[in-house]
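Visitor: My structure is in final.cif, and what it holds is mmCIF, C-alpha atoms and all ligand atoms:
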```cif
data_protein
#
loop_
_atom_site.label_atom_id
_atom_site.label_comp_id
_atom_site.auth_asym_id
_atom_site.auth_seq_id
_atom_site.Cartn_x
_atom_site.Cartn_y
_atom_site.Cartn_z
CA MET A 161 12.61 -23.07 36.54
CA PHE A 162 9.11 -22.64 35.22
CA PRO A 163 6.43 -24.76 36.85
CA LEU A 164 3.49 -25.13 34.56
CA GLY A 165 0.20 -26.87 34.88
CA GLY A 166 -3.33 -26.10 35.91
CA ARG A 167 -6.33 -27.05 33.83
CA LYS A 168 -6.16 -30.48 35.40
CA SER A 169 -9.88 -30.60 36.01
CA SER A 170 -10.44 -30.52 32.29
CA ILE A 171 -7.88 -33.16 31.43
CA VAL A 172 -10.16 -36.12 31.99
CA LYS A 173 -12.85 -34.56 29.85
CA ARG A 174 -10.37 -33.66 27.14
CA LEU A 175 -8.84 -37.13 27.23
CA ALA A 176 -12.26 -38.68 26.86
CA VAL A 177 -12.96 -36.44 23.88
CA CYS A 178 -9.53 -37.22 22.54
CA LEU A 179 -10.00 -40.97 22.89
CA ALA A 180 -13.40 -40.80 21.26
CA LEU A 181 -11.89 -38.92 18.35
CA VAL A 182 -9.01 -41.35 18.12
CA LEU A 183 -11.32 -44.35 18.27
CA GLY A 184 -13.44 -42.82 15.54
CA LEU A 185 -10.34 -42.25 13.48
CA VAL A 186 -9.10 -45.79 14.03
CA SER A 187 -12.33 -47.43 13.05
CA ALA A 188 -12.56 -45.14 10.02
CA THR A 189 -9.01 -46.10 9.07
CA GLU A 190 -9.73 -49.77 9.59
CA SER A 191 -12.80 -49.78 7.40
CA ALA A 192 -10.93 -47.78 4.76
CA MET A 193 -8.12 -50.29 4.89
CA SER A 194 -10.33 -53.35 4.66
CA ARG A 195 -12.17 -51.74 1.74
CA ASP A 196 -8.94 -51.04 -0.11
CA LYS A 197 -7.46 -54.40 0.80
CA ALA A 198 -4.27 -52.38 1.28
CA PRO A 199 -1.22 -54.10 2.75
CA SER A 200 -0.94 -53.41 6.46
CA ARG A 201 0.16 -49.83 6.98
CA PRO A 202 1.68 -48.45 10.14
CA ASP A 203 -1.08 -47.42 12.52
CA PRO A 204 0.65 -45.65 15.40
CA ILE A 205 -2.50 -44.54 17.19
CA GLY A 206 -4.14 -47.95 17.03
CA ASP A 207 -0.89 -49.58 18.19
CA LEU A 208 -0.74 -47.17 21.09
CA LEU A 209 -4.26 -47.91 22.19
CA ALA A 210 -3.56 -51.64 22.02
CA GLU A 211 -0.34 -51.16 23.96
CA GLN A 212 -2.08 -49.08 26.60
CA ALA A 213 -4.82 -51.65 26.94
CA HIS A 214 -2.13 -54.23 27.77
CA LYS A 215 -0.21 -52.04 30.17
CA GLY A 216 -2.77 -50.92 32.68
CA SER A 217 -0.22 -49.06 34.80
CA GLN A 218 0.79 -46.87 31.89
CA SER A 219 -2.66 -46.09 30.69
CA SER A 220 -2.71 -42.71 32.38
CA MET A 221 0.67 -41.61 31.04
CA PRO A 222 0.73 -38.70 28.64
CA ILE A 223 1.94 -39.74 25.19
CA VAL A 224 4.50 -37.77 23.23
CA ILE A 225 3.39 -38.02 19.63
CA GLY A 226 5.73 -35.61 17.92
CA LEU A 227 8.83 -33.50 18.26
CA LYS A 228 9.65 -30.55 16.04
CA LEU A 229 12.91 -28.64 16.11
CA THR A 230 13.12 -25.24 14.43
CA GLU A 231 16.49 -23.51 14.21
CA THR A 232 17.15 -19.94 13.18
CA THR A 233 19.88 -17.54 14.23
CA GLN A 234 17.42 -15.76 16.52
CA ARG A 235 15.63 -18.72 18.07
CA THR A 236 15.75 -22.47 18.57
CA ARG A 237 12.36 -23.97 19.29
CA PHE A 238 11.56 -27.43 20.61
CA ALA A 239 7.88 -28.17 20.10
CA ILE A 240 6.82 -31.36 21.86
CA GLU A 241 3.38 -32.64 20.90
CA LEU A 242 1.60 -34.36 23.80
CA SER A 243 -1.71 -36.12 24.39
CA ASP A 244 -2.11 -34.24 27.69
CA PRO A 245 -0.64 -31.12 29.26
CA VAL A 246 2.21 -31.86 31.67
CA ASP A 247 4.04 -30.02 34.41
CA VAL A 248 7.53 -29.21 33.22
CA LYS A 249 10.61 -27.75 34.81
CA VAL A 250 13.21 -26.24 32.51
CA TYR A 251 16.64 -25.21 33.75
CA THR A 252 20.22 -24.87 32.57
CA LEU A 253 23.45 -26.44 33.78
CA THR A 254 27.09 -25.71 33.05
CA ASN A 255 30.08 -27.94 32.44
CA PRO A 256 29.02 -29.10 29.90
CA ASN A 257 26.47 -26.41 29.08
CA ARG A 258 23.02 -27.92 28.70
CA VAL A 259 19.29 -27.35 29.03
CA VAL A 260 17.28 -29.85 31.07
CA ILE A 261 13.54 -30.31 30.61
CA ASP A 262 11.99 -32.43 33.36
CA MET A 263 8.48 -33.81 33.10
CA PRO A 264 6.47 -36.66 34.59
CA ASP A 265 6.65 -40.13 33.00
CA VAL A 266 5.54 -40.05 29.39
CA LEU A 267 5.29 -42.66 26.67
CA TRP A 268 7.63 -41.42 23.94
CA ARG A 269 6.13 -42.30 20.59
CA ALA A 270 7.37 -39.39 18.51
CA GLY A 271 8.83 -41.48 15.70
CA ALA A 272 11.98 -40.35 13.91
CA ASP A 273 13.98 -37.72 15.74
CA ALA A 274 14.41 -34.25 14.29
CA ARG A 275 18.20 -33.94 14.28
CA PRO A 276 19.81 -30.55 14.91
CA SER A 277 22.00 -29.13 12.14
CA GLY A 278 24.81 -28.76 14.68
CA ARG A 279 25.69 -25.37 13.23
CA ARG A 280 23.49 -23.39 15.61
CA ALA A 281 22.91 -23.30 19.38
CA VAL A 282 21.99 -26.98 19.76
CA LYS A 283 24.71 -29.61 19.49
CA SER A 284 22.55 -32.65 20.23
CA TYR A 285 19.79 -33.86 22.54
CA ARG A 286 18.68 -37.04 24.26
CA TYR A 287 15.72 -38.15 26.31
CA GLY A 288 14.54 -41.04 28.43
CA GLN A 289 13.25 -42.04 31.81
CA PHE A 290 15.44 -40.52 34.49
CA ARG A 291 13.78 -42.31 37.36
CA ARG A 292 10.33 -43.61 38.15
CA GLY A 293 7.92 -40.73 37.67
CA ASN A 294 10.44 -38.47 35.96
CA PHE A 295 11.12 -38.27 32.22
CA ARG A 296 14.01 -36.05 31.18
CA PHE A 297 14.97 -34.29 27.97
CA VAL A 298 18.53 -32.92 27.85
CA VAL A 299 19.84 -30.51 25.21
CA ASP A 300 23.62 -30.14 24.72
CA LEU A 301 24.59 -26.66 23.64
CA ASN A 302 27.14 -25.20 21.23
CA ALA A 303 26.50 -21.65 22.42
CA PRO A 304 25.07 -19.90 25.49
CA VAL A 305 21.29 -19.47 25.41
CA LYS A 306 18.49 -17.95 27.41
CA VAL A 307 15.50 -20.22 28.08
CA GLU A 308 12.26 -18.38 27.42
CA ALA A 309 9.29 -19.28 29.62
CA PRO A 310 7.92 -22.56 28.23
CA GLN A 311 4.38 -22.56 26.96
CA ILE A 312 1.75 -25.21 26.61
CA VAL A 313 -0.73 -24.41 23.88
CA GLN A 314 -3.65 -26.30 22.52
CA PRO A 315 -3.79 -25.95 18.76
CA GLU A 316 -7.18 -24.93 17.42
CA GLU A 317 -7.38 -28.06 15.35
CA GLY A 318 -6.45 -31.46 16.67
CA PHE A 319 -6.64 -32.79 20.17
CA SER A 320 -3.03 -32.70 21.29
CA PHE A 321 -1.15 -30.19 23.38
CA ARG A 322 2.06 -28.53 22.34
CA LEU A 323 4.85 -27.81 24.79
CA MET A 324 7.13 -25.15 23.36
CA VAL A 325 10.56 -24.39 24.74
CA ASP A 326 12.37 -21.50 23.06
CA LEU A 327 16.09 -20.87 23.35
CA THR A 328 17.42 -17.46 22.34
CA PRO A 329 21.04 -16.28 22.04
CA SER A 330 22.70 -15.11 25.23
CA THR A 331 26.15 -14.37 26.59
CA ARG A 332 28.48 -16.71 28.44
CA GLU A 333 28.23 -14.59 31.59
CA ALA A 334 24.44 -14.50 31.57
CA PHE A 335 24.26 -18.26 30.93
CA VAL A 336 26.56 -19.07 33.84
CA ALA A 337 24.66 -16.68 36.13
CA ALA A 338 21.30 -18.28 35.32
CA ALA A 339 22.48 -21.89 35.47
CA GLY A 340 21.81 -24.13 38.44
CA TRP A 341 19.67 -26.80 39.97
CA PRO A 342 16.09 -25.97 40.83
CA LEU A 343 15.45 -26.75 44.47
CA ALA A 344 12.83 -29.43 43.86
CA SER A 345 15.03 -31.17 41.33
CA SER A 346 18.04 -31.46 43.62
CA THR A 347 15.79 -32.96 46.29
CA LEU A 348 14.54 -35.38 43.69
CA ALA A 349 18.05 -36.38 42.71
CA THR A 350 19.38 -36.95 46.19
CA SER A 351 16.47 -38.14 48.28
CA ALA A 352 15.44 -41.07 46.14
CA ALA A 353 15.10 -43.94 48.51
CA PRO A 354 16.83 -47.07 47.28
CA PRO A 355 14.63 -50.11 46.91
CA PRO A 356 14.16 -51.77 50.28
CA ALA A 357 16.51 -54.60 51.10
CA PRO A 358 14.94 -57.75 49.75
CA SER A 359 13.04 -59.61 52.39
CA VAL A 360 14.26 -63.12 52.60
CA PRO A 361 11.41 -65.55 52.17
CA GLY A 362 12.17 -69.07 53.18
CA GLY A 363 13.77 -68.29 56.53
CA ARG A 364 17.28 -69.02 57.73
CA GLU A 365 18.38 -71.24 54.91
CA GLU A 366 17.56 -68.52 52.41
CA ALA A 367 19.18 -65.86 54.60
CA GLN A 368 22.43 -67.83 54.68
CA LYS A 369 22.76 -67.73 50.94
CA ARG A 370 25.29 -65.28 49.59
CA LEU A 371 23.81 -62.16 48.06
CA VAL A 372 25.19 -61.16 44.67
CA VAL A 373 24.27 -57.73 43.33
CA VAL A 374 24.31 -57.70 39.54
CA ASP A 375 24.57 -54.20 38.11
CA ALA A 376 23.53 -53.62 34.51
CA GLY A 377 25.29 -50.42 33.47
CA HIS A 378 23.57 -47.29 32.16
CA GLY A 379 19.78 -47.31 31.47
CA GLY A 380 16.98 -44.88 30.76
CA ILE A 381 18.30 -41.56 29.54
CA ASP A 382 21.86 -42.91 29.46
CA PRO A 383 22.07 -45.51 26.66
CA GLY A 384 25.81 -46.18 27.03
CA THR A 385 27.64 -47.04 23.84
CA GLN A 386 26.01 -48.26 20.64
CA GLY A 387 26.88 -50.93 18.07
CA ARG A 388 26.66 -50.58 14.31
CA SER A 389 23.59 -52.81 14.23
CA GLY A 390 21.90 -50.31 16.55
CA ILE A 391 22.16 -52.46 19.67
CA ARG A 392 22.60 -50.31 22.76
CA GLU A 393 24.87 -51.12 25.67
CA LYS A 394 22.08 -50.54 28.21
CA ASP A 395 19.85 -53.20 26.59
CA LEU A 396 22.65 -55.70 26.00
CA VAL A 397 23.90 -55.62 29.59
CA LEU A 398 20.40 -55.79 31.08
CA GLY A 399 19.86 -59.00 29.09
CA VAL A 400 23.09 -60.48 30.46
CA ALA A 401 22.23 -59.34 34.01
CA ARG A 402 18.88 -61.15 33.86
CA GLU A 403 20.54 -64.27 32.47
CA LEU A 404 23.13 -64.18 35.25
CA ARG A 405 20.39 -63.83 37.88
CA LYS A 406 18.62 -66.85 36.44
CA ALA A 407 21.81 -68.92 36.39
CA LEU A 408 22.84 -67.93 39.94
CA GLU A 409 19.40 -68.63 41.40
CA ALA A 410 19.27 -71.97 39.61
CA THR A 411 22.26 -73.18 41.65
CA GLY A 412 20.22 -72.77 44.84
CA ARG A 413 23.28 -71.22 46.48
CA TYR A 414 22.68 -67.53 45.87
CA ARG A 415 20.26 -64.70 46.29
CA VAL A 416 20.48 -62.11 43.54
CA GLN A 417 19.50 -58.48 43.38
CA LEU A 418 19.68 -56.41 40.22
CA THR A 419 20.37 -52.68 40.61
CA ARG A 420 17.91 -52.22 37.75
CA ASP A 421 15.50 -54.65 36.11
CA SER A 422 14.11 -52.26 33.51
CA ASP A 423 15.22 -49.48 31.20
CA VAL A 424 15.64 -46.92 33.96
CA PHE A 425 18.50 -44.64 34.89
CA ILE A 426 20.14 -45.16 38.31
CA PRO A 427 22.85 -42.76 39.50
CA LEU A 428 26.21 -44.42 40.21
CA ARG A 429 26.27 -43.69 43.91
CA GLU A 430 22.76 -45.11 44.25
CA ARG A 431 23.94 -48.39 42.69
CA VAL A 432 26.64 -48.60 45.38
CA HIS A 433 24.04 -47.66 47.99
CA ILE A 434 21.65 -50.41 46.84
CA ALA A 435 24.39 -53.01 47.32
CA ARG A 436 25.36 -51.70 50.76
CA VAL A 437 21.80 -51.48 52.07
CA ALA A 438 21.15 -55.03 50.88
CA HIS A 439 24.39 -56.23 52.56
CA ALA A 440 25.66 -57.70 49.32
CA ASP A 441 28.58 -60.13 49.39
CA LEU A 442 29.71 -59.36 45.86
CA ILE A 443 29.03 -56.79 43.11
CA VAL A 444 29.31 -57.61 39.41
CA SER A 445 28.83 -54.61 37.14
CA LEU A 446 28.22 -55.37 33.46
CA HIS A 447 29.18 -53.11 30.55
CA ALA A 448 30.23 -53.15 26.91
CA ASP A 449 32.92 -50.88 25.55
CA SER A 450 33.67 -49.05 22.32
CA ASN A 451 36.89 -47.73 20.85
CA ASP A 452 37.87 -45.50 17.93
CA HIS A 453 40.24 -48.29 16.92
CA ARG A 454 37.64 -50.62 15.54
CA ASP A 455 39.97 -53.61 15.44
CA ILE A 456 40.26 -53.76 19.24
CA ARG A 457 38.10 -56.55 20.60
CA GLY A 458 37.57 -58.88 23.54
CA ALA A 459 36.32 -58.74 27.10
CA SER A 460 38.23 -57.29 30.04
CA VAL A 461 37.71 -57.09 33.79
CA TYR A 462 38.27 -53.99 35.89
CA THR A 463 38.79 -53.41 39.58
CA LEU A 464 38.97 -50.23 41.62
CA SER A 465 42.24 -48.43 42.02
CA GLU A 466 43.31 -44.94 42.94
CA ASP A 467 45.94 -45.01 40.23
CA ALA A 468 44.79 -46.28 36.88
CA SER A 469 46.84 -49.18 35.55
CA ASP A 470 47.15 -47.48 32.18
CA ARG A 471 45.81 -44.60 30.12
CA GLU A 472 43.09 -46.60 28.42
CA ALA A 473 41.74 -47.80 31.78
CA ALA A 474 41.73 -44.22 33.07
CA THR A 475 39.85 -43.01 29.99
CA LEU A 476 37.35 -45.84 30.30
CA ALA A 477 36.68 -45.05 33.97
CA GLU A 478 36.16 -41.42 33.09
CA LYS A 479 33.72 -42.43 30.35
CA GLU A 480 31.75 -44.81 32.60
CA ASN A 481 31.72 -42.24 35.42
CA MET A 482 30.20 -39.69 33.01
CA SER A 483 26.91 -41.62 33.31
CA ASP A 484 25.67 -39.24 36.01
CA VAL A 485 26.68 -36.19 33.99
CA ILE A 486 24.96 -37.52 30.86
CA ALA A 487 21.74 -38.03 32.79
CA GLY A 488 21.99 -34.70 34.56
CA VAL A 489 22.39 -35.92 38.14
CA ASP A 490 22.87 -33.18 40.71
CA LEU A 491 26.42 -33.74 41.92
CA THR A 492 26.47 -30.65 44.14
CA GLY A 493 28.10 -31.54 47.43
CA GLU A 494 29.26 -34.90 46.10
CA ASN A 495 32.81 -35.86 45.47
CA ASN A 496 33.15 -35.57 41.74
CA PRO A 497 33.31 -39.18 40.62
CA VAL A 498 35.52 -38.20 37.73
CA ALA A 499 38.10 -36.77 40.11
CA SER A 500 40.59 -39.09 41.72
CA ILE A 501 39.09 -41.53 44.15
CA LEU A 502 40.48 -41.55 47.66
CA ILE A 503 40.66 -45.02 49.04
CA ASP A 504 40.99 -45.54 52.75
CA LEU A 505 42.79 -48.34 54.50
CA ALA A 506 39.61 -50.31 55.17
CA GLN A 507 39.10 -50.48 51.45
CA ARG A 508 42.48 -52.11 50.77
CA ASP A 509 41.34 -55.54 51.94
CA THR A 510 38.18 -55.27 49.83
CA MET A 511 40.31 -54.27 46.87
CA ASN A 512 42.58 -57.29 47.28
CA ARG A 513 39.54 -59.58 47.38
CA SER A 514 38.18 -57.84 44.27
CA VAL A 515 41.49 -58.41 42.48
CA ARG A 516 41.40 -62.13 43.35
CA PHE A 517 37.83 -62.38 42.06
CA ALA A 518 38.76 -60.54 38.85
CA GLU A 519 41.59 -63.03 38.21
CA ARG A 520 39.13 -65.85 38.77
CA VAL A 521 36.68 -64.36 36.26
CA LEU A 522 39.52 -64.30 33.74
CA THR A 523 40.02 -68.04 34.15
CA THR A 524 36.35 -68.87 33.43
CA LEU A 525 35.26 -66.12 31.01
CA PRO A 526 37.37 -67.35 28.04
CA ARG A 527 35.16 -70.46 27.93
CA ALA A 528 32.25 -68.22 26.93
CA THR A 529 33.59 -65.27 24.98
CA MET A 530 36.76 -63.83 23.54
CA VAL A 531 38.96 -62.08 26.11
CA ARG A 532 41.51 -59.39 25.27
CA PRO A 533 44.84 -61.12 24.66
CA THR A 534 46.95 -58.55 26.50
CA SER A 535 46.36 -57.26 30.05
CA PRO A 536 42.68 -58.19 30.29
CA HIS A 537 42.65 -57.21 33.99
CA ARG A 538 43.10 -53.52 34.61
CA ALA A 539 42.26 -51.01 37.30
CA ALA A 540 40.98 -47.45 37.55
CA GLY A 541 38.73 -45.18 39.59
CA PHE A 542 35.27 -46.50 38.70
CA ALA A 543 32.65 -44.82 40.90
CA VAL A 544 30.36 -47.86 40.79
CA LEU A 545 33.05 -50.08 42.37
CA LYS A 546 33.48 -47.80 45.37
CA ALA A 547 31.64 -49.73 48.09
CA PRO A 548 34.33 -49.88 50.80
CA ASP A 549 33.30 -53.26 52.18
CA ILE A 550 32.02 -55.29 49.21
CA PRO A 551 34.32 -56.89 46.64
CA ALA A 552 33.35 -55.58 43.20
CA VAL A 553 34.40 -55.99 39.60
CA LEU A 554 33.30 -54.36 36.40
CA VAL A 555 33.20 -56.61 33.33
CA GLU A 556 33.43 -55.00 29.91
CA LEU A 557 31.94 -57.85 27.89
CA GLY A 558 33.40 -56.76 24.55
CA TYR A 559 33.56 -53.90 22.08
CA LEU A 560 30.40 -52.79 20.31
CA SER A 561 32.72 -50.82 17.99
CA ASN A 562 34.14 -54.11 16.69
CA GLY A 563 32.03 -55.99 14.16
CA ALA A 564 33.17 -59.45 15.28
CA ASP A 565 32.51 -58.68 18.95
CA GLU A 566 29.12 -57.23 18.15
CA ALA A 567 28.18 -60.33 16.14
CA GLU A 568 29.40 -62.52 19.00
CA MET A 569 27.47 -60.60 21.65
CA THR A 570 24.21 -60.75 19.72
CA LYS A 571 24.42 -64.50 18.98
CA PRO A 572 21.72 -66.59 20.58
CA GLY A 573 23.20 -68.53 23.46
CA TRP A 574 26.02 -66.07 24.11
CA ARG A 575 24.34 -64.56 27.18
CA GLY A 576 23.77 -67.96 28.71
CA LYS A 577 27.38 -69.00 28.16
CA VAL A 578 28.69 -65.77 29.70
CA ALA A 579 26.33 -66.17 32.67
CA GLY A 580 27.52 -69.75 33.16
CA SER A 581 31.18 -68.70 33.16
CA LEU A 582 30.48 -65.97 35.70
CA VAL A 583 28.63 -68.44 37.95
CA ALA A 584 31.72 -70.68 37.87
CA ALA A 585 33.92 -67.73 38.91
CA ILE A 586 31.49 -66.74 41.67
CA ASP A 587 31.38 -70.34 42.98
CA GLY A 588 35.18 -70.39 43.04
CA HIS A 589 35.35 -67.04 44.78
CA PHE A 590 33.06 -67.97 47.64
CA SER A 591 34.49 -71.42 48.21
CA ALA A 592 38.00 -69.92 48.34
CA GLU A 593 36.88 -67.19 50.76
CA THR A 594 35.05 -69.68 52.97
CA GLY A 595 38.17 -71.84 53.08
CA LEU A 596 40.18 -68.78 53.97
CA SER A 597 37.92 -67.69 56.81
CA VAL A 598 37.83 -71.25 58.20
CA ARG A 599 41.63 -71.34 58.23
CA GLN A 600 41.80 -67.89 59.80
CA ALA A 601 39.26 -68.88 62.45
CA ALA A 602 41.36 -71.91 63.38
CA VAL A 603 44.32 -69.72 64.28
CA PRO A 604 43.91 -68.41 67.82
ZN ZN B 701 29.34 -48.74 30.12
#
```
Hey, can you dump this file as structure tokens for me?
Ligand code: ZN

Guide:
Amino acid sequence: MFPLGGRKSSIVKRLAVCLALVLGLVSATESAMSRDKAPSRPDPIGDLLAEQAHKGSQSSMPIVIGLKLTETTQRTRFAIELSDPVDVKVYTLTNPNRVVIDMPDVLWRAGADARPSGRRAVKSYRYGQFRRGNFRFVVDLNAPVKVEAPQIVQPEEGFSFRLMVDLTPSTREAFVAAAGWPLASSTLATSAAPPPAPSVPGGREEAQKRLVVVDAGHGGIDPGTQGRSGIREKDLVLGVARELRKALEATGRYRVQLTRDSDVFIPLRERVHIARVAHADLIVSLHADSNDHRDIRGASVYTLSEDASDREAATLAEKENMSDVIAGVDLTGENNPVASILIDLAQRDTMNRSVRFAERVLTTLPRATMVRPTSPHRAAGFAVLKAPDIPAVLVELGYLSNGADEAEMTKPGWRGKVAGSLVAAIDGHFSAETGLSVRQAAVP
């Protein structure tokens, strides 16, 4: 871990200088362009300033304007070009071996990514918001490395700052010995308070409405799977989640809470926690799948089970549970979500109710989208379905690896139809459960 920083007193001054320079540059570019009557060219700096003017809350965020990756046998260097110096923490983790670079929120505007050759120490990398106030850059490794102390330098020319992280060859033993969570980071990962339970405006009537928690899978640094058109699972499912909220609220019968309403990463156990703190009556988690067999298509519905119903369900649960690993969540002291899930007796009743709801979804969902023709309801150990007292299902809306499914899922109107079919299933679920509890109450 290498905390960096200082020089903060000069940041404001530097930023002012920087903005003045940028503004000068922009107006110079503009006049040059109007003189040349050139067709509109990309103007990243001008766009950024316009964007920042619109988003007041982000105006103080450092901007990442470039990323360079240099690979030799002796050294791999990530050079991240920033508008302002930032505090960074760099550390390594095992299983899988990776380097994590944590920094405050930044606006990533680096353009095309410099891809690693894959033949040297770096296998791949990803980046994104990890949580509010924390942007994360994760490097997957092919070989053990030593992280040299990161440096922030200000090039003589230009007004940006350059964060340089160098990785040099190391041994397996030395890598394992140096790996681990920095103290501050593990606190960050475990102490994040969930959003407060929604206050219920409107008094008793509002409070008596059922609360449905709609969970859009993935987010932030974890994009989920990706379609050939470039659509990402995290964006697709957030769109459906918002549509479902709108449709549920429009009935006047439900309150709705989303586990995330933006492109932010939320650890799996925190999603469960959000639903429990809010006293949710039902959890619907939304995902999209992918498969190496590109002809497989259609939606399916999953419920929690200790024993997976089949191999594919087990593999899928493992993949979805990897979300925390992908984002670099500190799982120290947690039950490994990938390991088998122990279900206690109290959970059995919840599981039966989940199964009934899943079957109900499978009666309404085919009105909106194609459903897998064989065994569309399966079960496995999904960490996000683990609330012991709240019925929960995970809906895989289709396969982004299948061209027909992808086309279907990106059609205008598809989200609304899917939301409508889920509302019908949710209506059916609650009226059946209410009937059940009335009948049970009548028996002395
Ligand atoms: Zn997913």

Visitor: State, in Å with one decimal place, the distance from CA of Ala468 (chain A) to CA of Lys546 (chain A).

Guide: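 Distance reported for this atom pair: 14.2 Å.
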
Visitor: Which chains and residue numbers are within 10 Å of ligand ZN 701 (chain B), counting all atoms listed in the file, if I want them as a compact mmCIF listing (two decimals) with C-alpha atoms, in the frame of the given file?

Guide:
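Full text of result.txt as output:
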```
# COMPACT_ATOMS: atom_id res chain seq x y z
CA ALA A 376 23.53 -53.62 34.51
CA GLY A 377 25.29 -50.42 33.47
CA HIS A 378 23.57 -47.29 32.16
CA GLY A 379 19.78 -47.31 31.47
CA ASP A 382 21.86 -42.91 29.46
CA PRO A 383 22.07 -45.51 26.66
CA GLY A 384 25.81 -46.18 27.03
CA THR A 385 27.64 -47.04 23.84
CA GLU A 393 24.87 -51.12 25.67
CA LYS A 394 22.08 -50.54 28.21
CA VAL A 397 23.90 -55.62 29.59
CA SER A 445 28.83 -54.61 37.14
CA LEU A 446 28.22 -55.37 33.46
CA HIS A 447 29.18 -53.11 30.55
CA ALA A 448 30.23 -53.15 26.91
CA ASP A 449 32.92 -50.88 25.55
CA SER A 450 33.67 -49.05 22.32
CA LEU A 476 37.35 -45.84 30.30
CA ALA A 477 36.68 -45.05 33.97
CA LYS A 479 33.72 -42.43 30.35
CA GLU A 480 31.75 -44.81 32.60
CA ASN A 481 31.72 -42.24 35.42
CA MET A 482 30.20 -39.69 33.01
CA SER A 483 26.91 -41.62 33.31
CA LEU A 554 33.30 -54.36 36.40
CA VAL A 555 33.20 -56.61 33.33
CA GLU A 556 33.43 -55.00 29.91
CA LEU A 557 31.94 -57.85 27.89
```

Visitor: Please list as a PyMOL selection string every residue within 10 Å of Phe297 (chain A), counting only C-alpha atoms and excluding residues in the same chain fewer than 6 positions away.

Guide: chain A and resi 250+259-263+285-290+381+487-488

Visitor: For a test of reading the model, state the distance in Å between CA of Leu560 (chain A) and CA of Met530 (chain A), rounded to one decimal.

Guide: 13.1 Å

Visitor: If you measure from CA of Asp509 (chain A) to CA of Gly458 (chain A), what distance in Å do you get, rounded to one decimal?

Guide: 28.8 Å

Visitor: Quick one: residues within 12 Å of Ala274 (chain A), all atoms listed in the file, excluding same-chain residues fewer than 3 positions away - as a list in words?

Guide: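 The contact residues come out as Gly226, Leu227, Lys228, Leu229, Thr230, Glu231, Arg237, Phe238, Ala239, Ile240, Ala270, Gly271, Ser277, Gly278, Val282, Ser284, Tyr285 and Arg286 of chain A.
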
Visitor: Which residues come within 12 Å of Ala407 (chain A), counting only C-alpha atoms, excluding same-chain residues fewer than 5 positions away, as a VMD selection string?

Guide: chain A and resid 372 374 400 to 402 412 to 416 575 to 584 586 to 587

Visitor: Filtering to C-alpha atoms, could you give me those residues as a PDB file, in the frame of the given file?

Guide:
```
ATOM      1  CA  VAL A 372      25.190 -61.160  44.670  1.00  0.00           C
ATOM      2  CA  VAL A 374      24.310 -57.700  39.540  1.00  0.00           C
ATOM      3  CA  VAL A 400      23.090 -60.480  30.460  1.00  0.00           C
ATOM      4  CA  ALA A 401      22.230 -59.340  34.010  1.00  0.00           C
ATOM      5  CA  ARG A 402      18.880 -61.150  33.860  1.00  0.00           C
ATOM      6  CA  GLY A 412      20.220 -72.770  44.840  1.00  0.00           C
ATOM      7  CA  ARG A 413      23.280 -71.220  46.480  1.00  0.00           C
ATOM      8  CA  TYR A 414      22.680 -67.530  45.870  1.00  0.00           C
ATOM      9  CA  ARG A 415      20.260 -64.700  46.290  1.00  0.00           C
ATOM     10  CA  VAL A 416      20.480 -62.110  43.540  1.00  0.00           C
ATOM     11  CA  ARG A 575      24.340 -64.560  27.180  1.00  0.00           C
ATOM     12  CA  GLY A 576      23.770 -67.960  28.710  1.00  0.00           C
ATOM     13  CA  LYS A 577      27.380 -69.000  28.160  1.00  0.00           C
ATOM     14  CA  VAL A 578      28.690 -65.770  29.700  1.00  0.00           C
ATOM     15  CA  ALA A 579      26.330 -66.170  32.670  1.00  0.00           C
ATOM     16  CA  GLY A 580      27.520 -69.750  33.160  1.00  0.00           C
ATOM     17  CA  SER A 581      31.180 -68.700  33.160  1.00  0.00           C
ATOM     18  CA  LEU A 582      30.480 -65.970  35.700  1.00  0.00           C
ATOM     19  CA  VAL A 583      28.630 -68.440  37.950  1.00  0.00           C
ATOM     20  CA  ALA A 584      31.720 -70.680  37.870  1.00  0.00           C
ATOM     21  CA  ILE A 586      31.490 -66.740  41.670  1.00  0.00           C
ATOM     22  CA  ASP A 587      31.380 -70.340  42.980  1.00  0.00           C
TER      23      ASP A 587
END
```

Visitor: For a quick check of understanding, using only C-alpha atoms, which of A:Val485, A:Val246, A:Ala539, A:Leu525 has the smallest distance to Arg322 (chain A)?

Guide: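 Nearest candidate to Arg322 (chain A) out of A:Val485, A:Val246, A:Ala539, A:Leu525: A:Val246.
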
Visitor: Determine the nearest neighbour of His589 (chain A) from the options A:Glu519, A:Glu472, A:Asp300, A:Glu478, counting only C-alpha atoms.

Guide: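 That would be A:Glu519, the residue with the smallest distance to His589 (chain A).
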
Visitor: Return the single residue from A:Pro329, A:Gly595, A:Gly387, A:Pro572 that is closest to Gly558 (chain A), with distances computed using all atoms listed in the file.

Guide: A:Gly387

Visitor: Pick out the closest residue to Ala528 (chain A) from this set: A:Glu241, A:Asp247, A:Glu568, A:Asp484. Count only C-alpha atoms.

Guide: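 Comparing A:Glu241, A:Asp247, A:Glu568, A:Asp484 against Ala528 (chain A), the winner is A:Glu568.
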
Visitor: Can you list, as a list in words, every protein, DNA or RNA residue that comes within 9 Å of Val266 (chain A) when you count all atoms listed in the file, leaving out same-chain residues fewer than 2 positions away?

Guide: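 My list of contacting residues is Gln218, Met221, Pro222, Ile223, Val224, Leu242, Met263, Pro264, Trp268, Gln289, Gly293, Asn294 and Phe295 of chain A.
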